[in-house]
file model-v3.txt (compact mmCIF, C-alpha atoms)
# COMPACT_ATOMS: atom_id res chain seq x y z
CA MET A 1 19.23 -2.89 5.69
CA ARG A 2 22.39 -3.84 3.84
CA LYS A 3 22.95 -0.43 2.33
CA PRO A 4 21.86 2.96 3.70
CA PRO A 5 18.58 4.26 2.29
CA ARG A 6 18.62 6.93 -0.39
CA ILE A 7 16.79 10.15 0.37
CA LYS A 8 16.10 13.07 -1.96
CA VAL A 9 14.79 16.49 -1.00
CA PRO A 10 14.52 19.61 -3.20
CA ALA A 11 17.65 21.75 -3.43
CA SER A 12 16.06 25.08 -2.59
CA ILE A 13 13.36 25.28 0.09
CA ARG A 14 11.46 28.23 1.53
CA ALA A 15 9.46 28.22 4.76
CA GLY A 16 5.86 27.30 3.99
CA ASP A 17 6.73 25.24 0.92
CA VAL A 18 5.15 21.81 0.51
CA ILE A 19 8.07 19.64 -0.59
CA GLU A 20 8.24 16.08 -1.89
CA ILE A 21 10.62 13.73 -0.08
CA LYS A 22 11.65 10.63 -2.02
CA THR A 23 13.03 7.62 -0.16
CA LEU A 24 14.41 4.32 -1.39
CA ALA A 25 15.29 1.56 1.08
CA THR A 26 17.32 -1.55 0.25
CA HIS A 27 15.39 -4.60 1.39
CA ILE A 28 14.28 -7.96 -0.06
CA MET A 29 10.75 -7.64 1.43
CA GLU A 30 10.48 -11.43 1.80
CA THR A 31 6.76 -12.20 1.83
CA GLY A 32 6.80 -15.37 3.95
CA ASN A 33 4.89 -17.26 1.24
CA ARG A 34 7.88 -18.57 -0.68
CA LYS A 35 9.70 -21.88 -0.25
CA ASP A 36 13.43 -22.57 -0.65
CA ALA A 37 14.99 -25.22 -2.92
CA GLU A 38 14.35 -27.90 -0.24
CA GLY A 39 10.68 -26.93 -0.01
CA GLN A 40 11.07 -25.30 3.40
CA PRO A 41 9.12 -22.07 3.92
CA ILE A 42 11.20 -18.90 3.91
CA ALA A 43 10.33 -16.75 6.93
CA ARG A 44 8.73 -13.36 6.35
CA ASP A 45 11.22 -10.51 6.53
CA ILE A 46 9.91 -7.09 5.56
CA ILE A 47 10.17 -3.44 6.53
CA HIS A 48 6.81 -3.13 8.27
CA THR A 49 6.93 0.51 9.33
CA PHE A 50 8.31 3.74 7.92
CA THR A 51 7.97 6.99 9.84
CA ALA A 52 8.86 10.62 9.20
CA ALA A 53 8.98 13.28 11.93
CA PHE A 54 9.99 16.93 11.74
CA GLU A 55 11.53 18.31 14.96
CA GLY A 56 9.76 15.51 16.82
CA ASP A 57 6.33 16.10 15.27
CA ARG A 58 4.86 13.25 13.23
CA VAL A 59 4.61 14.07 9.52
CA PHE A 60 3.86 10.75 7.83
CA THR A 61 3.72 7.04 8.65
CA ALA A 62 3.48 4.01 6.38
CA ASP A 63 2.46 0.57 7.64
CA LEU A 64 3.76 -1.77 4.99
CA GLY A 65 2.71 -5.35 4.16
CA PRO A 66 4.34 -8.02 1.99
CA GLY A 67 2.46 -6.55 -1.01
CA ILE A 68 4.97 -3.70 -1.18
CA ALA A 69 7.69 -4.33 -3.78
CA ALA A 70 11.28 -5.16 -2.84
CA ASN A 71 13.47 -2.12 -2.12
CA PRO A 72 10.53 -0.03 -0.87
CA TYR A 73 10.19 3.33 -2.56
CA ILE A 74 8.07 5.86 -0.71
CA ALA A 75 7.58 9.47 -1.72
CA PHE A 76 5.58 11.75 0.59
CA TYR A 77 5.21 15.44 1.40
CA LEU A 78 6.20 17.90 4.13
CA LYS A 79 4.90 21.42 4.68
CA VAL A 80 8.11 23.06 5.86
CA PRO A 81 7.43 25.17 8.98
CA GLY A 82 11.02 26.48 8.94
CA PRO A 83 14.53 25.14 9.29
CA GLY A 84 14.86 21.89 11.23
CA THR A 85 15.64 18.22 11.16
CA LEU A 86 13.58 15.57 9.41
CA GLN A 87 13.98 12.17 11.06
CA LEU A 88 13.23 9.13 8.89
CA THR A 89 13.00 5.62 10.36
CA TRP A 90 12.57 2.17 8.80
CA ILE A 91 11.66 -0.75 11.09
CA GLU A 92 12.15 -4.36 9.96
CA ASP A 93 10.57 -7.65 11.13
CA SER A 94 14.00 -8.65 12.47
CA GLY A 95 13.83 -5.66 14.84
CA THR A 96 16.55 -3.82 12.96
CA THR A 97 15.81 -0.10 12.87
CA THR A 98 17.48 2.28 10.43
CA SER A 99 17.29 6.01 11.09
CA GLU A 100 18.43 8.90 8.96
CA SER A 101 18.41 12.61 9.75
CA VAL A 102 17.96 15.17 7.00
CA ALA A 103 18.73 18.82 7.70
CA ILE A 104 16.05 21.00 6.12
CA GLN A 105 17.56 24.40 5.42
CA VAL A 106 15.43 27.25 4.18
CA VAL A 107 16.51 30.15 2.00
CA MET B 108 -10.15 -38.90 -22.35
CA ILE B 109 -11.99 -39.88 -19.18
CA ASP B 110 -9.19 -38.55 -17.02
CA ARG B 111 -9.27 -35.26 -18.84
CA ALA B 112 -13.05 -34.95 -18.46
CA GLU B 113 -12.80 -35.65 -14.73
CA LEU B 114 -10.08 -33.08 -14.38
CA ILE B 115 -12.24 -30.40 -16.00
CA LEU B 116 -15.23 -31.34 -13.87
CA THR B 117 -13.16 -31.21 -10.68
CA SER B 118 -11.73 -27.81 -11.41
CA ARG B 119 -15.15 -26.45 -12.29
CA ARG B 120 -16.62 -27.79 -9.02
CA ASP B 121 -13.75 -26.24 -7.06
CA PHE B 122 -14.40 -22.96 -8.78
CA VAL B 123 -18.10 -23.03 -7.94
CA VAL B 124 -17.39 -24.00 -4.30
CA GLY B 125 -14.81 -21.20 -4.03
CA THR B 126 -17.20 -18.61 -5.43
CA GLY B 127 -19.93 -19.81 -3.12
CA ALA B 128 -17.66 -19.45 -0.10
CA THR B 129 -16.90 -15.83 -0.99
CA ALA B 130 -20.60 -15.08 -1.38
CA ALA B 131 -21.36 -16.86 1.93
CA VAL B 132 -18.83 -14.72 3.80
CA ALA B 133 -20.23 -11.63 2.10
CA ALA B 134 -23.73 -12.60 3.21
CA LEU B 135 -22.47 -13.35 6.72
CA LEU B 136 -20.94 -9.89 6.99
CA GLY B 137 -24.27 -8.43 5.98
CA PHE B 138 -23.49 -6.37 2.93
CA ALA B 139 -24.61 -6.57 -0.64
CA ALA B 140 -21.87 -8.09 -2.75
CA PRO B 141 -21.04 -5.95 -5.79
CA SER B 142 -21.11 -7.62 -9.20
CA SER B 143 -17.35 -8.15 -9.22
CA ALA B 144 -17.32 -9.68 -5.71
CA ALA B 145 -16.64 -13.15 -7.13
CA ASN B 146 -13.19 -11.94 -8.15
CA ARG B 147 -12.44 -10.43 -4.75
CA SER B 148 -10.75 -12.62 -2.15
CA VAL B 149 -12.43 -13.44 1.16
CA GLN B 150 -9.54 -11.80 3.04
CA PHE B 151 -10.10 -8.66 0.97
CA GLU B 152 -13.83 -8.51 1.80
CA ILE B 153 -13.07 -8.93 5.51
CA ALA B 154 -10.32 -6.28 5.49
CA TYR B 155 -12.52 -3.87 3.49
CA GLN B 156 -15.45 -4.20 5.89
CA GLU B 157 -13.22 -3.84 8.95
CA LEU B 158 -11.87 -0.64 7.44
CA LEU B 159 -15.22 0.94 6.58
CA ARG B 160 -17.13 -0.44 9.58
CA SER B 161 -20.68 0.65 8.73
CA ALA B 162 -19.75 3.72 6.68
CA THR B 163 -20.69 4.10 3.02
CA PRO B 164 -17.68 5.36 1.06
CA ILE B 165 -17.89 8.09 -1.57
CA GLY B 166 -16.71 6.95 -4.98
CA SER B 167 -14.92 10.17 -5.93
CA GLY B 168 -12.20 12.47 -4.65
CA LEU B 169 -9.54 9.80 -4.20
CA GLU B 170 -7.02 9.46 -6.99
CA LEU B 171 -5.61 5.97 -7.55
CA ASP B 172 -2.96 6.22 -10.24
CA ILE B 173 -1.77 2.75 -11.30
CA PRO B 174 -1.14 1.31 -14.79
CA LYS B 175 -4.07 -0.57 -16.35
CA SER B 176 -1.65 -3.16 -17.71
CA VAL B 177 1.80 -4.20 -16.50
CA GLU B 178 4.36 -6.75 -17.72
CA ASN B 179 5.78 -7.52 -14.29
CA GLY B 180 3.64 -7.79 -11.15
CA ALA B 181 6.72 -7.66 -8.88
CA PHE B 182 7.10 -3.94 -9.35
CA VAL B 183 4.02 -1.81 -10.03
CA PRO B 184 4.16 1.95 -9.47
CA VAL B 185 1.16 3.38 -7.62
CA ALA B 186 0.27 6.93 -6.57
CA LEU B 187 -2.54 7.85 -4.17
CA ALA B 188 -3.82 11.35 -3.57
CA VAL B 189 -6.71 13.36 -2.16
CA ASP B 190 -7.11 17.07 -2.81
CA SER B 191 -7.33 18.38 0.77
CA PRO B 192 -6.46 21.66 2.52
CA MET B 193 -4.56 19.57 5.14
CA THR B 194 -5.38 21.93 8.01
CA ARG B 195 -5.95 20.87 11.64
CA GLU B 196 -9.70 21.11 10.96
CA ASP B 197 -9.80 19.37 7.59
CA TYR B 198 -7.20 16.80 6.60
CA VAL B 199 -6.78 13.27 5.29
CA LYS B 200 -5.99 10.89 8.14
CA SER B 201 -5.03 7.86 6.09
CA ILE B 202 -5.10 6.15 2.71
CA HIS B 203 -5.27 2.36 2.62
CA LEU B 204 -4.05 0.35 -0.37
CA LEU B 205 -5.78 -3.03 -0.78
CA SER B 206 -5.35 -6.00 -3.08
CA THR B 207 -8.31 -8.20 -4.07
CA ALA B 208 -6.20 -11.20 -5.17
CA ASN B 209 -2.85 -11.16 -3.32
CA PRO B 210 -2.45 -13.57 -0.36
CA ALA B 211 -2.55 -10.53 1.96
CA ALA B 212 -5.30 -7.99 1.29
CA SER B 213 -3.65 -5.07 3.08
CA VAL B 214 -0.76 -3.79 0.99
CA ALA B 215 -0.07 -0.60 2.94
CA THR B 216 -1.64 2.07 5.11
CA PHE B 217 -0.31 5.60 4.73
CA LYS B 218 -1.06 8.02 7.58
CA PHE B 219 -0.89 11.76 7.13
CA THR B 220 -0.93 14.80 9.41
CA PRO B 221 -1.50 18.51 8.73
CA LEU B 222 2.33 18.74 8.63
CA SER B 223 2.21 16.58 5.49
CA GLY B 224 0.87 19.62 3.61
CA LYS B 225 -0.35 17.38 0.80
CA ALA B 226 -2.22 14.06 1.02
CA ARG B 227 -0.25 12.27 -1.67
CA VAL B 228 2.03 9.24 -1.60
CA VAL B 229 3.88 7.33 -4.28
CA SER B 230 5.14 3.76 -3.86
CA ARG B 231 5.57 0.46 -5.70
CA MET B 232 3.47 -2.63 -5.06
CA ARG B 233 3.33 -6.31 -5.96
CA LEU B 234 0.46 -7.93 -7.84
CA ALA B 235 0.29 -11.74 -7.72
CA GLU B 236 -2.07 -11.83 -10.73
CA SER B 237 -4.47 -9.62 -12.71
CA GLN B 238 -6.89 -8.03 -10.27
CA GLU B 239 -8.77 -5.02 -9.01
CA VAL B 240 -6.73 -2.71 -6.77
CA ILE B 241 -8.74 -0.73 -4.21
CA ALA B 242 -7.81 2.39 -2.25
CA VAL B 243 -9.74 3.78 0.71
CA ALA B 244 -9.12 7.21 2.25
CA GLU B 245 -10.33 8.25 5.70
CA LEU B 246 -10.83 11.99 6.22
CA SER B 247 -10.63 13.81 9.55
CA ASP B 248 -14.42 14.30 9.60
CA GLY B 249 -14.98 10.54 9.34
CA THR B 250 -15.81 10.50 5.63
CA PHE B 251 -14.46 7.60 3.57
CA LEU B 252 -13.49 7.83 -0.09
CA VAL B 253 -12.95 4.81 -2.31
CA ALA B 254 -11.26 4.25 -5.69
CA ALA B 255 -10.73 1.10 -7.74
CA GLN B 256 -8.67 0.17 -10.77
CA ASN B 257 -8.39 -3.11 -12.66
CA VAL B 258 -4.80 -4.02 -13.49
CA ASP B 259 -3.90 -6.64 -16.08
CA VAL B 260 -0.71 -8.46 -15.04
CA LYS B 261 1.28 -10.47 -17.63
CA VAL B 262 3.72 -12.05 -15.12
CA GLY B 263 2.68 -12.28 -11.45
CA GLY B 264 4.76 -10.79 -8.62
CA CYS B 265 7.33 -13.40 -7.65
CA GLY B 266 6.84 -15.33 -4.44
CA LEU B 267 3.57 -13.79 -3.33
call {"tool": "encode", "arguments": {"input": "model-v3.txt", "output": "structure tokens"}}
result
Amino acid sequence: MRKPPRIKVPASIRAGDVIEIKTLATHIMETGNRKDAEGQPIARDIIHTFTAAFEGDRVFTADLGPGIAANPYIAFYLKVPGPGTLQLTWIEDSGTTTSESVAIQVV
Amino acid sequence: MIDRAELILTSRRDFVVGTGATAAVAALLGFAAPSSAANRSVQFEIAYQELLRSATPIGSGLELDIPKSVENGAFVPVALAVDSPMTREDYVKSIHLLSTANPAASVATFKFTPLSGKARVVSRMRLAESQEVIAVAELSDGTFLVAAQNVDVKVGGCGL
């Protein structure tokens, strides 16, 4: 990913809340079906997996195909058990893995 | 004039052959092809059957929120949701998003856990052309839910 992903969580969270987490990755999501100006096929290059885990427990996973739009936007939910760390990971065809940690603080 | 007539005949024959092939695969897989099956790609029918195995999906309970008409197929917002208690005993395991006319039938598979709290996901997909978009949800008790929506696309998603 050229730029770090953008992540948005609600400002004020209480334990037990179901919160929406919005994520936006920066990626071309090259389908593998296009050809360049010389007619040569352009290799597929997509983010194929997105995962979210809270304190090591799996919350949500997305297996993505080339039918997902460029700069993948994914919004999902977490039932907050209490304070902790949400780990978000994007895995690309190239093998590049981008991870971000989000501290979930409860009031 | 003759060239033009031949051209029309050729494209019509190709169309008939293509439709026949879809129906043949459908027959091979042993399921009754719905009325709109002619518009569904072979790769979609295969992916759909692999997903459901022998189960019969329920046509309600899964919300597929996608515009009925879009200008640009490169960027189509889509929301998928099932009203579920999301407890260890009763939760939505996954929601699959499928395309009936893109080169790849499987657009995405979203997997949930009781920690998700809510079985809802929002994303943005590509549509190569006007088509029916299908979503399939698998519940923890093995039940499948299905939802479909036709989307009219003015300009197809680039490079699909």
call {"tool": "axis_aligned_box", "arguments": {"input": "model-v3.txt", "around": "stretch 248-266 of chain B", "padding_each_side": "4 Å", "output": "JSON"}}
result
{"center_x": -4.2, "center_y": -0.5, "center_z": -4.0, "size_x": 31.1, "size_y": 37.6, "size_z": 35.2}
call {"tool": "interface_residues", "arguments": {"input": "model-v3.txt", "of": "chain A", "to": "chain B", "cutoff": "10 Å", "atoms": "only C-alpha atoms", "output": "mmCIF file with C-alpha atoms, keeping the file's coordinate frame"}}
result
data_model
loop_
_atom_site.group_PDB
_atom_site.id
_atom_site.type_symbol
_atom_site.label_atom_id
_atom_site.label_comp_id
_atom_site.auth_asym_id
_atom_site.auth_seq_id
_atom_site.Cartn_x
_atom_site.Cartn_y
_atom_site.Cartn_z
ATOM 1 C CA GLY A 16 5.860 27.300 3.990
ATOM 2 C CA ASP A 17 6.730 25.240 0.920
ATOM 3 C CA VAL A 18 5.150 21.810 0.510
ATOM 4 C CA ILE A 19 8.070 19.640 -0.590
ATOM 5 C CA GLU A 20 8.240 16.080 -1.890
ATOM 6 C CA ILE A 21 10.620 13.730 -0.080
ATOM 7 C CA LYS A 22 11.650 10.630 -2.020
ATOM 8 C CA THR A 23 13.030 7.620 -0.160
ATOM 9 C CA LEU A 24 14.410 4.320 -1.390
ATOM 10 C CA GLU A 30 10.480 -11.430 1.800
ATOM 11 C CA THR A 31 6.760 -12.200 1.830
ATOM 12 C CA GLY A 32 6.800 -15.370 3.950
ATOM 13 C CA ASN A 33 4.890 -17.260 1.240
ATOM 14 C CA ARG A 34 7.880 -18.570 -0.680
ATOM 15 C CA LYS A 35 9.700 -21.880 -0.250
ATOM 16 C CA HIS A 48 6.810 -3.130 8.270
ATOM 17 C CA THR A 49 6.930 0.510 9.330
ATOM 18 C CA PHE A 50 8.310 3.740 7.920
ATOM 19 C CA THR A 51 7.970 6.990 9.840
ATOM 20 C CA ALA A 52 8.860 10.620 9.200
ATOM 21 C CA ALA A 53 8.980 13.280 11.930
ATOM 22 C CA PHE A 54 9.990 16.930 11.740
ATOM 23 C CA ASP A 57 6.330 16.100 15.270
ATOM 24 C CA ARG A 58 4.860 13.250 13.230
ATOM 25 C CA VAL A 59 4.610 14.070 9.520
ATOM 26 C CA PHE A 60 3.860 10.750 7.830
ATOM 27 C CA THR A 61 3.720 7.040 8.650
ATOM 28 C CA ALA A 62 3.480 4.010 6.380
ATOM 29 C CA ASP A 63 2.460 0.570 7.640
ATOM 30 C CA LEU A 64 3.760 -1.770 4.990
ATOM 31 C CA GLY A 65 2.710 -5.350 4.160
ATOM 32 C CA PRO A 66 4.340 -8.020 1.990
ATOM 33 C CA GLY A 67 2.460 -6.550 -1.010
ATOM 34 C CA ILE A 68 4.970 -3.700 -1.180
ATOM 35 C CA ALA A 69 7.690 -4.330 -3.780
ATOM 36 C CA ALA A 70 11.280 -5.160 -2.840
ATOM 37 C CA ASN A 71 13.470 -2.120 -2.120
ATOM 38 C CA PRO A 72 10.530 -0.030 -0.870
ATOM 39 C CA TYR A 73 10.190 3.330 -2.560
ATOM 40 C CA ILE A 74 8.070 5.860 -0.710
ATOM 41 C CA ALA A 75 7.580 9.470 -1.720
ATOM 42 C CA PHE A 76 5.580 11.750 0.590
ATOM 43 C CA TYR A 77 5.210 15.440 1.400
ATOM 44 C CA LEU A 78 6.200 17.900 4.130
ATOM 45 C CA LYS A 79 4.900 21.420 4.680
ATOM 46 C CA VAL A 80 8.110 23.060 5.860
ATOM 47 C CA PRO A 81 7.430 25.170 8.980
#
call {"tool": "atom_distance", "arguments": {"input": "model-v3.txt", "atom1": "atom CA of B:Pro164", "atom2": "atom CA of B:Arg195"}}
result
22.1 Å
call {"tool": "closest_residue", "arguments": {"input": "model-v3.txt", "among": "B:Val240, B:Val177, B:Val258, B:Leu252", "to": "B:Ala162", "atoms": "all atoms listed in the file"}}
result
B:Leu252
call {"tool": "atom_distance", "arguments": {"input": "model-v3.txt", "atom1": "atom CA of A:Ser94", "atom2": "atom CA of A:Asp45"}}
result
6.8 Å
call {"tool": "atom_distance", "arguments": {"input": "model-v3.txt", "atom1": "atom CA of B:Val253", "atom2": "atom CA of B:Gly168"}}
result
8.0 Å
call {"tool": "residues_around", "arguments": {"input": "model-v3.txt", "residues": "A:Gly82", "least_positions_apart": "2", "cutoff": "8 Å", "atoms": "all atoms listed in the file", "output": "PyMOL selection string"}}
result
chain A and resi 14-16+80+84+104-106
call {"tool": "residues_near_point", "arguments": {"input": "model-v3.txt", "point": "(18.2, 15.6, 1.5)", "cutoff": "8 Å", "atoms": "only C-alpha atoms", "output": "count of residues only"}}
result
9
call {"tool": "decode", "arguments": {"input": "model-v3.txt", "residues": "stretch 148-160 of chain B", "atoms": "all heavy atoms", "output": "CSV table (one decimal), in the first residue's frame"}}
result
chain,number,residue,atom,x,y,z
B,148,SER,N,-23.7,-16.0,-15.8
B,148,SER,CA,-22.6,-16.6,-16.4
B,148,SER,C,-22.4,-18.1,-15.9
B,148,SER,O,-22.9,-18.4,-14.9
B,148,SER,CB,-21.3,-15.8,-16.1
B,148,SER,OG,-21.1,-15.9,-14.7
B,149,VAL,N,-21.7,-18.9,-16.7
B,149,VAL,CA,-21.4,-20.2,-16.3
B,149,VAL,C,-20.6,-20.3,-15.0
B,149,VAL,O,-20.9,-21.0,-14.1
B,149,VAL,CB,-20.6,-21.0,-17.5
B,149,VAL,CG1,-20.2,-22.4,-17.0
B,149,VAL,CG2,-21.5,-21.1,-18.7
B,150,GLN,N,-19.6,-19.4,-14.9
B,150,GLN,CA,-18.8,-19.3,-13.7
B,150,GLN,C,-19.6,-19.0,-12.5
B,150,GLN,O,-19.4,-19.5,-11.4
B,150,GLN,CB,-17.5,-18.4,-13.9
B,150,GLN,CG,-17.8,-17.0,-14.1
B,150,GLN,CD,-17.8,-16.6,-15.6
B,150,GLN,OE1,-18.1,-17.5,-16.4
B,150,GLN,NE2,-17.4,-15.4,-15.9
B,151,PHE,N,-20.7,-18.1,-12.7
B,151,PHE,CA,-21.5,-17.8,-11.6
B,151,PHE,C,-22.3,-19.1,-11.1
B,151,PHE,O,-22.4,-19.4,-10.0
B,151,PHE,CB,-22.5,-16.7,-11.9
B,151,PHE,CG,-23.7,-16.6,-10.9
B,151,PHE,CD1,-23.5,-16.0,-9.7
B,151,PHE,CD2,-24.9,-17.3,-11.2
B,151,PHE,CE1,-24.5,-16.0,-8.7
B,151,PHE,CE2,-25.9,-17.3,-10.2
B,151,PHE,CZ,-25.7,-16.6,-9.0
B,152,GLU,N,-22.9,-19.8,-12.1
B,152,GLU,CA,-23.7,-21.0,-11.8
B,152,GLU,C,-22.9,-22.0,-11.0
B,152,GLU,O,-23.3,-22.6,-10.0
B,152,GLU,CB,-24.3,-21.6,-13.0
B,152,GLU,CG,-25.3,-20.7,-13.8
B,152,GLU,CD,-26.6,-20.4,-13.0
B,152,GLU,OE1,-26.8,-20.9,-11.9
B,152,GLU,OE2,-27.5,-19.8,-13.6
B,153,ILE,N,-21.6,-22.2,-11.4
B,153,ILE,CA,-20.7,-23.1,-10.8
B,153,ILE,C,-20.4,-22.7,-9.3
B,153,ILE,O,-20.5,-23.4,-8.4
B,153,ILE,CB,-19.4,-23.3,-11.6
B,153,ILE,CG1,-19.8,-24.0,-12.9
B,153,ILE,CG2,-18.4,-24.1,-10.8
B,153,ILE,CD1,-18.6,-24.0,-13.9
B,154,ALA,N,-20.1,-21.4,-9.2
B,154,ALA,CA,-19.7,-20.8,-7.9
B,154,ALA,C,-20.9,-20.9,-6.9
B,154,ALA,O,-20.8,-21.3,-5.8
B,154,ALA,CB,-19.2,-19.4,-8.0
B,155,TYR,N,-22.1,-20.6,-7.5
B,155,TYR,CA,-23.3,-20.6,-6.7
B,155,TYR,C,-23.7,-22.0,-6.2
B,155,TYR,O,-24.0,-22.2,-5.0
B,155,TYR,CB,-24.5,-20.1,-7.6
B,155,TYR,CG,-25.8,-19.8,-6.9
B,155,TYR,CD1,-25.9,-18.9,-5.9
B,155,TYR,CD2,-26.9,-20.5,-7.3
B,155,TYR,CE1,-27.1,-18.6,-5.3
B,155,TYR,CE2,-28.2,-20.3,-6.6
B,155,TYR,CZ,-28.2,-19.3,-5.6
B,155,TYR,OH,-29.4,-19.1,-5.0
B,156,GLN,N,-23.5,-23.0,-7.0
B,156,GLN,CA,-23.8,-24.4,-6.6
B,156,GLN,C,-22.8,-24.9,-5.6
B,156,GLN,O,-23.1,-25.6,-4.7
B,156,GLN,CB,-23.9,-25.3,-7.9
B,156,GLN,CG,-25.1,-25.1,-8.7
B,156,GLN,CD,-26.4,-25.1,-7.9
B,156,GLN,OE1,-26.7,-26.0,-7.2
B,156,GLN,NE2,-27.2,-24.1,-8.1
B,157,GLU,N,-21.5,-24.5,-5.8
B,157,GLU,CA,-20.5,-24.9,-4.9
B,157,GLU,C,-20.7,-24.4,-3.5
B,157,GLU,O,-20.5,-25.0,-2.5
B,157,GLU,CB,-19.1,-24.4,-5.4
B,157,GLU,CG,-18.4,-25.4,-6.3
B,157,GLU,CD,-17.1,-24.9,-6.8
B,157,GLU,OE1,-16.6,-23.8,-6.3
B,157,GLU,OE2,-16.5,-25.6,-7.6
B,158,LEU,N,-21.3,-23.2,-3.5
B,158,LEU,CA,-21.6,-22.5,-2.2
B,158,LEU,C,-22.7,-23.2,-1.5
B,158,LEU,O,-22.6,-23.5,-0.3
B,158,LEU,CB,-22.0,-21.0,-2.6
B,158,LEU,CG,-21.7,-19.9,-1.6
B,158,LEU,CD1,-20.2,-19.9,-1.2
B,158,LEU,CD2,-22.1,-18.6,-2.2
B,159,LEU,N,-23.8,-23.4,-2.2
B,159,LEU,CA,-25.0,-24.0,-1.6
B,159,LEU,C,-24.9,-25.5,-1.4
B,159,LEU,O,-25.7,-26.0,-0.6
B,159,LEU,CB,-26.2,-23.7,-2.5
B,159,LEU,CG,-26.7,-22.2,-2.6
B,159,LEU,CD1,-27.8,-22.1,-3.5
B,159,LEU,CD2,-27.0,-21.7,-1.2
B,160,ARG,N,-24.0,-26.1,-2.1
B,160,ARG,CA,-24.0,-27.6,-2.2
B,160,ARG,C,-25.4,-28.1,-2.5
B,160,ARG,O,-26.0,-27.7,-3.5
B,160,ARG,CB,-23.4,-28.2,-0.9
B,160,ARG,CG,-22.0,-27.7,-0.7
B,160,ARG,CD,-21.3,-28.2,0.6
B,160,ARG,NE,-21.9,-27.5,1.8
B,160,ARG,CZ,-21.4,-26.4,2.3
B,160,ARG,NH1,-20.4,-25.8,1.7
B,160,ARG,NH2,-21.8,-25.8,3.3
